[in-house]
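To keep things clear, I will list the structure first and then write my remarks on it.
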Amino acid sequence: HHITHNQPPAMEPSSKKIVISAHGDTNWNQHRLKIEKNMRKIKLKDLETEVEEEEYYGHMDNFAGVHAVMKAYFSGRLPQSNVRIEITYGEEKDMEGAKEVVKTVSSHDVVIVVDVTGTITDKSVIIEKCRSKRLRKFIKESLDASGIAHDLYSGCPDPIENQDESNVYGKKTDYCFFYGIPTRGGDYNEGPVRCWKRDLEECSEALVMLINSLQDFKTDFSSKKEKKEEEIEFSFSMLEDQQ
């Protein structure tokens with residue numbers, strides 16, 4: 001299933017698309033989700049304190065990702081062209097949905113995979129598996145400018161799982177990354193885990209901002225010189241990741 005967000009019917013072949021992919025399938029036949037209140041450690045300037053906050057407890061994979069994406073969509077603040085939202089199927093088995101979508105993705109498209117992560121963090125937003133050094137720099141500058149606290153990785157620090165839809169899309173475009181919503185308290189593949197409600201809402205807000213910012217990220221190159229420079233940059237980025 002996909003949503004094409006007011007995309008004009010006639011797009012030039014070289015036009016960059018921003019594709020947001022979140023899998024809608026799960027590992028369970030039955031699901032549960034509830035909101036609890038718990039104490040959360042936060043930092044206020046140099047002082048660490050605890051405040052009571054609401055958190056989700058339940059089957060977050062991939063309720064969290066779909067919720068964040070659809071809230072961003074229904075905010076009415078996404079660009080009015082070249083943005084596609086894909087709610088895919090089969091991610092938990094063989095990535096069948098992503099394999100279908102990737103057939104429509106080109107090498108100059110930007111793909112954002114929105115899913116849960118088990119990466120330990122005190123931030124609301126985690127960017128993982130962003131191989132392009134230039135894209136990482138662009139994302140960091142965009143999030144910093146908006147005051148959004150985040151962690152940014154070229155690889156996959158998630159101790160629970162390193163296979164997701166970005167593995168499929170990354171074979172077609174270098175401009176793909178994993179947009180992780182932090183969970184804790186167990187293995188999200190096996191059962192209920194916890195996710196702060198505020199983190200999920202901030203993830204959705206940051207996603208809106210980032211999609212709008214990415215309109216200015218260049219992926220098509222008019223000259224052979226520019227294309228060659230990008231290929232060299234990406235080669236160096238891959239070498240850095242392997243070290």
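Following the order of the structure tokens, first chain is A, next is B, and so on, with residues numbered from 1 inside each chain and ligands from 1 in the order they appear.
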
Considering only C-alpha atoms, return as an mmCIF file with all heavy atoms, in the first residue's frame whatever protein or nucleic-acid residues lie within 7 Å of stretch 205-208 of chain A, sequence-local ones (same chain, fewer than 2 positions apart) excluded.
```
data_model
loop_
_atom_site.group_PDB
_atom_site.id
_atom_site.type_symbol
_atom_site.label_atom_id
_atom_site.label_comp_id
_atom_site.auth_asym_id
_atom_site.auth_seq_id
_atom_site.Cartn_x
_atom_site.Cartn_y
_atom_site.Cartn_z
ATOM 1 N N ALA A 72 2.985 12.411 10.749
ATOM 2 C CA ALA A 72 3.675 13.389 9.910
ATOM 3 C C ALA A 72 2.841 13.701 8.674
ATOM 4 O O ALA A 72 2.689 14.862 8.274
ATOM 5 C CB ALA A 72 5.050 12.858 9.509
ATOM 6 N N ARG A 77 1.888 19.175 6.757
ATOM 7 C CA ARG A 77 3.069 20.023 6.599
ATOM 8 C C ARG A 77 4.159 19.393 5.750
ATOM 9 O O ARG A 77 5.283 19.892 5.690
ATOM 10 C CB ARG A 77 3.616 20.393 7.982
ATOM 11 C CG ARG A 77 2.709 21.350 8.741
ATOM 12 C CD ARG A 77 3.262 21.709 10.098
ATOM 13 N NE ARG A 77 3.074 20.607 11.038
ATOM 14 C CZ ARG A 77 4.032 20.077 11.785
ATOM 15 N NH1 ARG A 77 5.261 20.525 11.701
ATOM 16 N NH2 ARG A 77 3.764 19.098 12.619
ATOM 17 N N LEU A 78 3.833 18.301 5.059
ATOM 18 C CA LEU A 78 4.809 17.701 4.157
ATOM 19 C C LEU A 78 4.777 18.433 2.817
ATOM 20 O O LEU A 78 3.773 19.057 2.458
ATOM 21 C CB LEU A 78 4.508 16.217 3.960
ATOM 22 C CG LEU A 78 4.656 15.320 5.185
ATOM 23 C CD1 LEU A 78 4.422 13.862 4.805
ATOM 24 C CD2 LEU A 78 6.025 15.475 5.831
ATOM 25 N N GLU A 201 6.436 11.326 19.719
ATOM 26 C CA GLU A 201 5.888 12.561 19.154
ATOM 27 C C GLU A 201 7.008 13.428 18.561
ATOM 28 O O GLU A 201 6.830 14.022 17.484
ATOM 29 C CB GLU A 201 5.141 13.350 20.243
ATOM 30 C CG GLU A 201 4.000 12.579 20.903
ATOM 31 C CD GLU A 201 3.041 11.963 19.900
ATOM 32 O OE1 GLU A 201 2.541 12.710 19.040
ATOM 33 O OE2 GLU A 201 2.797 10.748 19.958
ATOM 34 N N GLU A 202 8.145 13.485 19.230
ATOM 35 C CA GLU A 202 9.265 14.278 18.719
ATOM 36 C C GLU A 202 9.844 13.663 17.449
ATOM 37 O O GLU A 202 10.293 14.385 16.555
ATOM 38 C CB GLU A 202 10.344 14.424 19.794
ATOM 39 C CG GLU A 202 9.908 15.346 20.937
ATOM 40 C CD GLU A 202 10.998 15.548 21.983
ATOM 41 O OE1 GLU A 202 12.102 14.988 21.819
ATOM 42 O OE2 GLU A 202 10.744 16.274 22.969
ATOM 43 N N CYS A 203 9.822 12.329 17.365
ATOM 44 C CA CYS A 203 10.274 11.649 16.145
ATOM 45 C C CYS A 203 9.421 12.051 14.955
ATOM 46 O O CYS A 203 9.920 12.279 13.850
ATOM 47 C CB CYS A 203 10.220 10.131 16.328
ATOM 48 S SG CYS A 203 11.685 9.423 17.096
ATOM 49 N N LEU A 210 12.654 17.149 8.658
ATOM 50 C CA LEU A 210 13.718 16.569 7.853
ATOM 51 C C LEU A 210 13.273 16.364 6.406
ATOM 52 O O LEU A 210 14.031 16.641 5.465
ATOM 53 C CB LEU A 210 14.157 15.238 8.470
ATOM 54 C CG LEU A 210 15.487 14.646 7.984
ATOM 55 C CD1 LEU A 210 16.613 15.656 8.121
ATOM 56 C CD2 LEU A 210 15.797 13.378 8.771
ATOM 57 N N ILE A 211 12.049 15.905 6.210
ATOM 58 C CA ILE A 211 11.535 15.707 4.849
ATOM 59 C C ILE A 211 11.504 17.038 4.104
ATOM 60 O O ILE A 211 11.874 17.112 2.925
ATOM 61 C CB ILE A 211 10.135 15.059 4.883
ATOM 62 C CG1 ILE A 211 10.237 13.611 5.389
ATOM 63 C CG2 ILE A 211 9.486 15.084 3.499
ATOM 64 C CD1 ILE A 211 8.900 12.981 5.715
ATOM 65 N N ASN A 212 11.085 18.094 4.779
ATOM 66 C CA ASN A 212 11.078 19.413 4.148
ATOM 67 C C ASN A 212 12.497 19.889 3.825
ATOM 68 O O ASN A 212 12.746 20.434 2.752
ATOM 69 C CB ASN A 212 10.368 20.418 5.045
ATOM 70 C CG ASN A 212 8.859 20.365 4.913
ATOM 71 O OD1 ASN A 212 8.285 20.915 3.982
ATOM 72 N ND2 ASN A 212 8.198 19.672 5.836
#
```

Compile a residue-level contact table for stretch 13-45 of chain A against stretch 161-176 of chain A at a cut-off of 9 Å, reporting for every qualifying residue the shortest atom pair and its distance in Å to one decimal, with only C-alpha atoms counted, rows ordered by chain and ascending number, as a tab-separated table.
```
residue	atom	partner	partner_atom	distance
A:Ser21	CA	A:Glu165	CA	8.0
A:Ala22	CA	A:Glu165	CA	8.5
A:His23	CA	A:Glu165	CA	8.3
```

Please produce an output containing C-alpha atoms for each residue in the selection, written as a PDB file, in the first residue's frame.
```
ATOM      1  CA  SER A  21       8.976   3.363   4.131  1.00  0.00           C
ATOM      2  CA  ALA A  22       7.503   1.817   7.299  1.00  0.00           C
ATOM      3  CA  HIS A  23       6.508  -1.827   7.511  1.00  0.00           C
TER       4      HIS A  23
END
```

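Relative to atom CA of A:Lys137, atom CA of A:Leu214 is found at 11.9 Å.
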
10 Å contact set for stretch 31-47 of chain A, only C-alpha atoms, chain neighbours under 6 positions out, as a list in words: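 Final neighbour list, sorted by chain and number: Glu53, Glu54, Glu55, Tyr56, Tyr57, Gly58, His59, Met60, Phe63, Asp122, Gly191, Pro192, Val193, Arg194, Cys195, Trp196 and Lys197 of chain A.
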
Please write the residues from the selection above to a file, keeping all heavy atoms, as a tab-separated table (two decimals), in the first residue's frame.
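Dumped everything to part_4.tsv:
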```tsv
chain	number	residue	atom	x	y	z
A	53	GLU	N	6.68	10.85	33.32
A	53	GLU	CA	6.28	10.95	31.91
A	53	GLU	C	5.46	9.73	31.51
A	53	GLU	O	5.57	8.66	32.10
A	53	GLU	CB	7.50	11.06	30.99
A	53	GLU	CG	8.14	12.41	30.97
A	53	GLU	CD	9.07	12.59	29.77
A	53	GLU	OE1	8.93	11.82	28.78
A	53	GLU	OE2	9.91	13.49	29.81
A	54	GLU	N	4.67	9.92	30.47
A	54	GLU	CA	3.90	8.80	29.91
A	54	GLU	C	4.77	8.02	28.93
A	54	GLU	O	5.60	8.58	28.23
A	54	GLU	CB	2.66	9.32	29.18
A	54	GLU	CG	1.60	9.90	30.10
A	54	GLU	CD	0.34	10.28	29.36
A	54	GLU	OE1	0.43	10.68	28.18
A	54	GLU	OE2	-0.75	10.21	29.97
A	55	GLU	N	4.56	6.72	28.93
A	55	GLU	CA	5.27	5.88	27.97
A	55	GLU	C	4.35	4.78	27.47
A	55	GLU	O	3.40	4.36	28.14
A	55	GLU	CB	6.53	5.26	28.60
A	55	GLU	CG	6.25	4.27	29.72
A	55	GLU	CD	7.53	3.60	30.23
A	55	GLU	OE1	8.61	3.87	29.67
A	55	GLU	OE2	7.43	2.83	31.18
A	56	TYR	N	4.63	4.33	26.24
A	56	TYR	CA	3.92	3.20	25.68
A	56	TYR	C	4.58	1.91	26.15
A	56	TYR	O	5.81	1.81	26.23
A	56	TYR	CB	3.96	3.24	24.15
A	56	TYR	CG	3.19	4.37	23.52
A	56	TYR	CD1	3.85	5.45	22.93
A	56	TYR	CD2	1.80	4.35	23.48
A	56	TYR	CE1	3.14	6.49	22.35
A	56	TYR	CE2	1.08	5.38	22.89
A	56	TYR	CZ	1.76	6.45	22.33
A	56	TYR	OH	1.06	7.47	21.74
A	57	TYR	N	3.74	0.92	26.44
A	57	TYR	CA	4.26	-0.42	26.72
A	57	TYR	C	3.44	-1.39	25.87
A	57	TYR	O	2.21	-1.46	26.00
A	57	TYR	CB	4.13	-0.79	28.20
A	57	TYR	CG	4.58	-2.22	28.48
A	57	TYR	CD1	5.91	-2.58	28.32
A	57	TYR	CD2	3.67	-3.19	28.88
A	57	TYR	CE1	6.34	-3.88	28.57
A	57	TYR	CE2	4.08	-4.49	29.13
A	57	TYR	CZ	5.42	-4.82	28.97
A	57	TYR	OH	5.83	-6.11	29.20
A	58	GLY	N	4.12	-2.09	24.99
A	58	GLY	CA	3.39	-3.02	24.14
A	58	GLY	C	4.21	-3.44	22.93
A	58	GLY	O	5.44	-3.32	22.91
A	59	HIS	N	3.52	-3.92	21.91
A	59	HIS	CA	4.17	-4.39	20.69
A	59	HIS	C	4.46	-3.19	19.80
A	59	HIS	O	3.63	-2.79	18.98
A	59	HIS	CB	3.26	-5.41	19.99
A	59	HIS	CG	3.00	-6.64	20.81
A	59	HIS	ND1	1.91	-6.75	21.66
A	59	HIS	CD2	3.70	-7.80	20.93
A	59	HIS	CE1	1.95	-7.94	22.25
A	59	HIS	NE2	3.01	-8.59	21.83
A	60	MET	N	5.64	-2.64	19.94
A	60	MET	CA	5.99	-1.38	19.27
A	60	MET	C	6.50	-1.58	17.84
A	60	MET	O	6.58	-0.62	17.07
A	60	MET	CB	7.05	-0.65	20.09
A	60	MET	CG	6.63	-0.31	21.51
A	60	MET	SD	5.12	0.69	21.60
A	60	MET	CE	5.65	2.21	20.81
A	63	PHE	N	4.34	-0.56	15.33
A	63	PHE	CA	3.35	0.47	15.65
A	63	PHE	C	4.00	1.84	15.69
A	63	PHE	O	3.48	2.83	15.16
A	63	PHE	CB	2.67	0.18	16.99
A	63	PHE	CG	2.01	1.40	17.60
A	63	PHE	CD1	0.78	1.85	17.15
A	63	PHE	CD2	2.65	2.12	18.60
A	63	PHE	CE1	0.19	2.99	17.69
A	63	PHE	CE2	2.06	3.27	19.15
A	63	PHE	CZ	0.83	3.69	18.69
A	122	ASP	N	19.92	8.60	24.92
A	122	ASP	CA	19.07	9.49	25.71
A	122	ASP	C	18.43	10.53	24.80
A	122	ASP	O	17.87	11.51	25.26
A	122	ASP	CB	19.86	10.17	26.83
A	122	ASP	CG	21.03	10.99	26.31
A	122	ASP	OD1	21.28	10.98	25.08
A	122	ASP	OD2	21.71	11.64	27.12
A	191	GLY	N	8.55	-9.45	21.80
A	191	GLY	CA	7.37	-9.11	22.60
A	191	GLY	C	7.31	-7.64	22.96
A	191	GLY	O	7.97	-6.81	22.35
A	192	PRO	N	6.52	-7.32	23.98
A	192	PRO	CA	6.32	-5.91	24.38
A	192	PRO	C	7.61	-5.24	24.85
A	192	PRO	O	8.44	-5.86	25.52
A	192	PRO	CB	5.30	-6.01	25.53
A	192	PRO	CG	4.62	-7.33	25.33
A	192	PRO	CD	5.67	-8.24	24.77
A	193	VAL	N	7.76	-3.98	24.47
A	193	VAL	CA	8.87	-3.15	24.92
A	193	VAL	C	8.32	-1.77	25.27
A	193	VAL	O	7.12	-1.51	25.11
A	193	VAL	CB	9.97	-3.04	23.85
A	193	VAL	CG1	10.68	-4.35	23.66
A	193	VAL	CG2	9.38	-2.53	22.53
A	194	ARG	N	9.19	-0.90	25.73
A	194	ARG	CA	8.76	0.43	26.16
A	194	ARG	C	9.29	1.53	25.23
A	194	ARG	O	10.39	1.41	24.67
A	194	ARG	CB	9.24	0.70	27.59
A	194	ARG	CG	8.65	-0.28	28.61
A	194	ARG	CD	9.05	0.02	30.04
A	194	ARG	NE	8.45	-0.95	30.94
A	194	ARG	CZ	7.20	-0.89	31.40
A	194	ARG	NH1	6.43	0.15	31.06
A	194	ARG	NH2	6.72	-1.81	32.20
A	195	CYS	N	8.49	2.56	25.09
A	195	CYS	CA	8.88	3.72	24.28
A	195	CYS	C	8.25	4.96	24.90
A	195	CYS	O	7.02	5.01	25.09
A	195	CYS	CB	8.40	3.53	22.83
A	195	CYS	SG	8.65	4.98	21.77
A	196	TRP	N	9.06	5.95	25.23
A	196	TRP	CA	8.52	7.18	25.81
A	196	TRP	C	7.60	7.84	24.79
A	196	TRP	O	7.94	8.01	23.63
A	196	TRP	CB	9.63	8.13	26.21
A	196	TRP	CG	10.48	7.65	27.34
A	196	TRP	CD1	11.78	7.24	27.28
A	196	TRP	CD2	10.08	7.52	28.71
A	196	TRP	NE1	12.23	6.86	28.52
A	196	TRP	CE2	11.21	7.02	29.43
A	196	TRP	CE3	8.90	7.77	29.41
A	196	TRP	CZ2	11.18	6.76	30.79
A	196	TRP	CZ3	8.87	7.52	30.78
A	196	TRP	CH2	9.99	7.03	31.46
A	197	LYS	N	6.42	8.26	25.26
A	197	LYS	CA	5.45	8.90	24.39
A	197	LYS	C	6.01	10.19	23.78
A	197	LYS	O	5.80	10.48	22.60
A	197	LYS	CB	4.16	9.19	25.16
A	197	LYS	CG	3.02	9.71	24.31
A	197	LYS	CD	1.76	9.93	25.14
A	197	LYS	CE	0.63	10.47	24.27
A	197	LYS	NZ	-0.61	10.72	25.07
```

Strand (DSSP E) positions in stretch 5-242 of chain A, given as a VMD selection string: chain A and resid 18 to 23 33 to 44 47 to 58 83 to 88 110 to 117 125 to 128 150 to 152 176 to 182 193 to 196

Residue nearest A:Arg131 - candidates A:Cys156, A:Ala64, A:Ile18, A:Ile181, atoms counted: only C-alpha atoms: A:Cys156

Secondary structure check, alpha helix (DSSP H) residues of stretch 2-81 of chain A, as a ChimeraX atom specification: /A:63-74

Please produce a file of the residues just selected, as a short mmCIF file (atom, residue, chain, number, x, y, z; two decimals), in the first residue's frame, where the atoms kept are C-alpha atoms.
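Now in out22.cif:
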```
data_model
loop_
_atom_site.label_atom_id
_atom_site.label_comp_id
_atom_site.auth_asym_id
_atom_site.auth_seq_id
_atom_site.Cartn_x
_atom_site.Cartn_y
_atom_site.Cartn_z
CA PHE A 63 3.35 0.47 15.65
CA ALA A 64 5.84 3.20 16.51
CA GLY A 65 7.12 3.62 12.96
CA VAL A 66 3.69 3.64 11.31
CA HIS A 67 2.34 6.05 13.96
CA ALA A 68 5.21 8.50 13.43
CA VAL A 69 4.87 8.41 9.65
CA MET A 70 1.10 8.78 9.54
CA LYS A 71 1.12 11.59 12.09
CA ALA A 72 3.67 13.39 9.91
CA TYR A 73 1.46 12.85 6.86
CA PHE A 74 -1.75 14.05 8.49
#
```

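From atom CA of A:Asn62 back to atom CA of A:Val111, the distance works out to 17.5 Å.
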
Contact residues around A:Ile160 with only C-alpha atoms at 12 Å, ignoring same-chain residues under 2 positions, as a PDB file with all heavy atoms, in the first residue's frame:
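Writing the result to result.pdb gives the following:
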```
ATOM      1  N   VAL A 116      11.562   0.751  14.583  1.00  0.00           N
ATOM      2  CA  VAL A 116      12.069   0.815  15.959  1.00  0.00           C
ATOM      3  C   VAL A 116      13.524   0.380  16.023  1.00  0.00           C
ATOM      4  O   VAL A 116      14.008  -0.364  15.164  1.00  0.00           O
ATOM      5  CB  VAL A 116      11.219  -0.063  16.907  1.00  0.00           C
ATOM      6  CG1 VAL A 116       9.810   0.475  17.029  1.00  0.00           C
ATOM      7  CG2 VAL A 116      11.190  -1.517  16.432  1.00  0.00           C
ATOM      8  N   THR A 117      14.218   0.846  17.047  1.00  0.00           N
ATOM      9  CA  THR A 117      15.601   0.449  17.268  1.00  0.00           C
ATOM     10  C   THR A 117      15.815   0.165  18.754  1.00  0.00           C
ATOM     11  O   THR A 117      15.119   0.736  19.609  1.00  0.00           O
ATOM     12  CB  THR A 117      16.589   1.533  16.795  1.00  0.00           C
ATOM     13  OG1 THR A 117      17.933   1.106  17.040  1.00  0.00           O
ATOM     14  CG2 THR A 117      16.355   2.845  17.529  1.00  0.00           C
ATOM     15  N   GLY A 118      16.779  -0.687  19.030  1.00  0.00           N
ATOM     16  CA  GLY A 118      17.155  -0.978  20.409  1.00  0.00           C
ATOM     17  C   GLY A 118      18.439  -0.276  20.809  1.00  0.00           C
ATOM     18  O   GLY A 118      18.982  -0.529  21.896  1.00  0.00           O
ATOM     19  N   THR A 119      18.931   0.615  19.951  1.00  0.00           N
ATOM     20  CA  THR A 119      20.155   1.357  20.242  1.00  0.00           C
ATOM     21  C   THR A 119      19.984   2.188  21.517  1.00  0.00           C
ATOM     22  O   THR A 119      18.995   2.902  21.662  1.00  0.00           O
ATOM     23  CB  THR A 119      20.511   2.286  19.070  1.00  0.00           C
ATOM     24  OG1 THR A 119      20.726   1.480  17.895  1.00  0.00           O
ATOM     25  CG2 THR A 119      21.763   3.097  19.365  1.00  0.00           C
ATOM     26  N   ILE A 120      20.942   2.068  22.410  1.00  0.00           N
ATOM     27  CA  ILE A 120      20.866   2.790  23.683  1.00  0.00           C
ATOM     28  C   ILE A 120      21.142   4.269  23.448  1.00  0.00           C
ATOM     29  O   ILE A 120      22.129   4.643  22.801  1.00  0.00           O
ATOM     30  CB  ILE A 120      21.877   2.210  24.688  1.00  0.00           C
ATOM     31  CG1 ILE A 120      21.529   0.745  24.987  1.00  0.00           C
ATOM     32  CG2 ILE A 120      21.902   3.019  25.979  1.00  0.00           C
ATOM     33  CD1 ILE A 120      22.570   0.010  25.806  1.00  0.00           C
ATOM     34  N   CYS A 156      25.222   0.331  11.932  1.00  0.00           N
ATOM     35  CA  CYS A 156      24.060  -0.101  12.715  1.00  0.00           C
ATOM     36  C   CYS A 156      24.498  -0.484  14.130  1.00  0.00           C
ATOM     37  O   CYS A 156      25.020  -1.581  14.347  1.00  0.00           O
ATOM     38  CB  CYS A 156      23.387  -1.302  12.042  1.00  0.00           C
ATOM     39  SG  CYS A 156      21.957  -1.928  12.956  1.00  0.00           S
ATOM     40  N   PRO A 157      24.276   0.388  15.115  1.00  0.00           N
ATOM     41  CA  PRO A 157      24.654   0.085  16.491  1.00  0.00           C
ATOM     42  C   PRO A 157      23.593  -0.706  17.261  1.00  0.00           C
ATOM     43  O   PRO A 157      23.800  -1.033  18.432  1.00  0.00           O
ATOM     44  CB  PRO A 157      24.835   1.478  17.099  1.00  0.00           C
ATOM     45  CG  PRO A 157      23.856   2.322  16.346  1.00  0.00           C
ATOM     46  CD  PRO A 157      23.772   1.761  14.957  1.00  0.00           C
ATOM     47  N   ASP A 158      22.452  -0.983  16.641  1.00  0.00           N
ATOM     48  CA  ASP A 158      21.354  -1.682  17.311  1.00  0.00           C
ATOM     49  C   ASP A 158      21.803  -3.088  17.715  1.00  0.00           C
ATOM     50  O   ASP A 158      22.143  -3.909  16.861  1.00  0.00           O
ATOM     51  CB  ASP A 158      20.155  -1.761  16.362  1.00  0.00           C
ATOM     52  CG  ASP A 158      18.912  -2.344  17.023  1.00  0.00           C
ATOM     53  OD1 ASP A 158      19.003  -2.825  18.167  1.00  0.00           O
ATOM     54  OD2 ASP A 158      17.846  -2.316  16.387  1.00  0.00           O
ATOM     55  N   ASN A 162      20.061  -6.098  12.847  1.00  0.00           N
ATOM     56  CA  ASN A 162      20.739  -5.251  11.857  1.00  0.00           C
ATOM     57  C   ASN A 162      20.187  -5.436  10.444  1.00  0.00           C
ATOM     58  O   ASN A 162      20.693  -4.861   9.489  1.00  0.00           O
ATOM     59  CB  ASN A 162      22.255  -5.502  11.857  1.00  0.00           C
ATOM     60  CG  ASN A 162      22.603  -6.928  11.448  1.00  0.00           C
ATOM     61  OD1 ASN A 162      21.735  -7.718  11.074  1.00  0.00           O
ATOM     62  ND2 ASN A 162      23.879  -7.252  11.519  1.00  0.00           N
ATOM     63  N   GLN A 163      19.139  -6.238  10.304  1.00  0.00           N
ATOM     64  CA  GLN A 163      18.497  -6.434   9.003  1.00  0.00           C
ATOM     65  C   GLN A 163      17.156  -5.708   8.997  1.00  0.00           C
ATOM     66  O   GLN A 163      16.308  -5.943   9.859  1.00  0.00           O
ATOM     67  CB  GLN A 163      18.283  -7.923   8.727  1.00  0.00           C
ATOM     68  CG  GLN A 163      19.569  -8.713   8.556  1.00  0.00           C
ATOM     69  CD  GLN A 163      20.351  -8.283   7.319  1.00  0.00           C
ATOM     70  OE1 GLN A 163      19.808  -8.209   6.226  1.00  0.00           O
ATOM     71  NE2 GLN A 163      21.627  -7.991   7.507  1.00  0.00           N
ATOM     72  N   ASP A 164      16.977  -4.833   8.027  1.00  0.00           N
ATOM     73  CA  ASP A 164      15.726  -4.095   7.895  1.00  0.00           C
ATOM     74  C   ASP A 164      15.584  -3.675   6.445  1.00  0.00           C
ATOM     75  O   ASP A 164      16.397  -4.047   5.584  1.00  0.00           O
ATOM     76  CB  ASP A 164      15.705  -2.884   8.838  1.00  0.00           C
ATOM     77  CG  ASP A 164      16.899  -1.973   8.609  1.00  0.00           C
ATOM     78  OD1 ASP A 164      16.895  -1.267   7.587  1.00  0.00           O
ATOM     79  OD2 ASP A 164      17.831  -1.975   9.430  1.00  0.00           O
ATOM     80  N   PRO A 182      13.578   5.009  19.358  1.00  0.00           N
ATOM     81  CA  PRO A 182      14.187   4.230  20.447  1.00  0.00           C
ATOM     82  C   PRO A 182      13.178   3.490  21.319  1.00  0.00           C
ATOM     83  O   PRO A 182      12.176   4.059  21.755  1.00  0.00           O
ATOM     84  CB  PRO A 182      14.952   5.286  21.257  1.00  0.00           C
ATOM     85  CG  PRO A 182      14.324   6.596  20.903  1.00  0.00           C
ATOM     86  CD  PRO A 182      13.802   6.464  19.513  1.00  0.00           C
ATOM     87  N   THR A 183      13.468   2.218  21.548  1.00  0.00           N
ATOM     88  CA  THR A 183      12.692   1.397  22.478  1.00  0.00           C
ATOM     89  C   THR A 183      13.656   0.802  23.498  1.00  0.00           C
ATOM     90  O   THR A 183      14.867   0.762  23.284  1.00  0.00           O
ATOM     91  CB  THR A 183      11.949   0.258  21.760  1.00  0.00           C
ATOM     92  OG1 THR A 183      12.900  -0.641  21.159  1.00  0.00           O
ATOM     93  CG2 THR A 183      11.010   0.805  20.683  1.00  0.00           C
ATOM     94  N   ARG A 184      13.107   0.293  24.590  1.00  0.00           N
ATOM     95  CA  ARG A 184      13.953  -0.291  25.632  1.00  0.00           C
ATOM     96  C   ARG A 184      13.148  -1.338  26.393  1.00  0.00           C
ATOM     97  O   ARG A 184      11.931  -1.449  26.231  1.00  0.00           O
ATOM     98  CB  ARG A 184      14.446   0.808  26.589  1.00  0.00           C
ATOM     99  CG  ARG A 184      13.358   1.441  27.395  1.00  0.00           C
ATOM    100  CD  ARG A 184      13.806   2.687  28.139  1.00  0.00           C
ATOM    101  NE  ARG A 184      12.903   2.979  29.254  1.00  0.00           N
ATOM    102  CZ  ARG A 184      11.678   3.431  29.108  1.00  0.00           C
ATOM    103  NH1 ARG A 184      11.181   3.661  27.907  1.00  0.00           N
ATOM    104  NH2 ARG A 184      10.914   3.647  30.179  1.00  0.00           N
ATOM    105  N   GLY A 185      13.861  -2.111  27.211  1.00  0.00           N
ATOM    106  CA  GLY A 185      13.173  -3.071  28.068  1.00  0.00           C
ATOM    107  C   GLY A 185      12.938  -4.431  27.450  1.00  0.00           C
ATOM    108  O   GLY A 185      12.035  -5.150  27.872  1.00  0.00           O
ATOM    109  N   GLY A 186      13.770  -4.788  26.462  1.00  0.00           N
ATOM    110  CA  GLY A 186      13.619  -6.111  25.878  1.00  0.00           C
ATOM    111  C   GLY A 186      13.855  -6.126  24.379  1.00  0.00           C
ATOM    112  O   GLY A 186      14.316  -5.147  23.792  1.00  0.00           O
ATOM    113  N   ASP A 187      13.538  -7.261  23.779  1.00  0.00           N
ATOM    114  CA  ASP A 187      13.711  -7.477  22.344  1.00  0.00           C
ATOM    115  C   ASP A 187      12.399  -7.173  21.643  1.00  0.00           C
ATOM    116  O   ASP A 187      11.409  -7.888  21.817  1.00  0.00           O
ATOM    117  CB  ASP A 187      14.132  -8.926  22.100  1.00  0.00           C
ATOM    118  CG  ASP A 187      14.417  -9.227  20.637  1.00  0.00           C
ATOM    119  OD1 ASP A 187      13.944  -8.472  19.760  1.00  0.00           O
ATOM    120  OD2 ASP A 187      15.096 -10.238  20.367  1.00  0.00           O
ATOM    121  N   TYR A 188      12.374  -6.119  20.842  1.00  0.00           N
ATOM    122  CA  TYR A 188      11.130  -5.728  20.168  1.00  0.00           C
ATOM    123  C   TYR A 188      10.643  -6.772  19.175  1.00  0.00           C
ATOM    124  O   TYR A 188       9.480  -6.765  18.774  1.00  0.00           O
ATOM    125  CB  TYR A 188      11.287  -4.368  19.484  1.00  0.00           C
ATOM    126  CG  TYR A 188      12.517  -4.238  18.598  1.00  0.00           C
ATOM    127  CD1 TYR A 188      12.573  -4.828  17.340  1.00  0.00           C
ATOM    128  CD2 TYR A 188      13.620  -3.508  19.027  1.00  0.00           C
ATOM    129  CE1 TYR A 188      13.692  -4.711  16.543  1.00  0.00           C
ATOM    130  CE2 TYR A 188      14.742  -3.378  18.228  1.00  0.00           C
ATOM    131  CZ  TYR A 188      14.777  -3.985  16.980  1.00  0.00           C
ATOM    132  OH  TYR A 188      15.893  -3.864  16.193  1.00  0.00           O
ATOM    133  N   ASN A 189      11.533  -7.693  18.768  1.00  0.00           N
ATOM    134  CA  ASN A 189      11.113  -8.791  17.878  1.00  0.00           C
ATOM    135  C   ASN A 189      10.361  -9.891  18.624  1.00  0.00           C
ATOM    136  O   ASN A 189       9.629 -10.668  18.016  1.00  0.00           O
ATOM    137  CB  ASN A 189      12.333  -9.424  17.191  1.00  0.00           C
ATOM    138  CG  ASN A 189      12.872  -8.582  16.069  1.00  0.00           C
ATOM    139  OD1 ASN A 189      12.111  -8.019  15.278  1.00  0.00           O
ATOM    140  ND2 ASN A 189      14.191  -8.471  15.995  1.00  0.00           N
ATOM    141  N   GLU A 190      10.577  -9.951  19.937  1.00  0.00           N
ATOM    142  CA  GLU A 190      10.040 -11.062  20.732  1.00  0.00           C
ATOM    143  C   GLU A 190       8.770 -10.715  21.493  1.00  0.00           C
ATOM    144  O   GLU A 190       7.987 -11.602  21.826  1.00  0.00           O
ATOM    145  CB  GLU A 190      11.111 -11.552  21.716  1.00  0.00           C
ATOM    146  CG  GLU A 190      12.372 -12.098  21.057  1.00  0.00           C
ATOM    147  CD  GLU A 190      12.091 -13.345  20.230  1.00  0.00           C
ATOM    148  OE1 GLU A 190      11.183 -14.110  20.598  1.00  0.00           O
ATOM    149  OE2 GLU A 190      12.773 -13.536  19.210  1.00  0.00           O
TER     150      GLU A 190
END
```

A:Phe217 surroundings by only C-alpha atoms, 12 Å radius, close-in-sequence under 2 positions cut, as a count of residues only: 24

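Look at A:Phe178: the protein and nucleic acid residues within 7 Å of it, using only C-alpha atoms and passing over chain neighbours fewer than 5 places away, are Ile112, Val113, Val114, Ile127, Glu128, Lys129, Cys130 and Ser166 of chain A.
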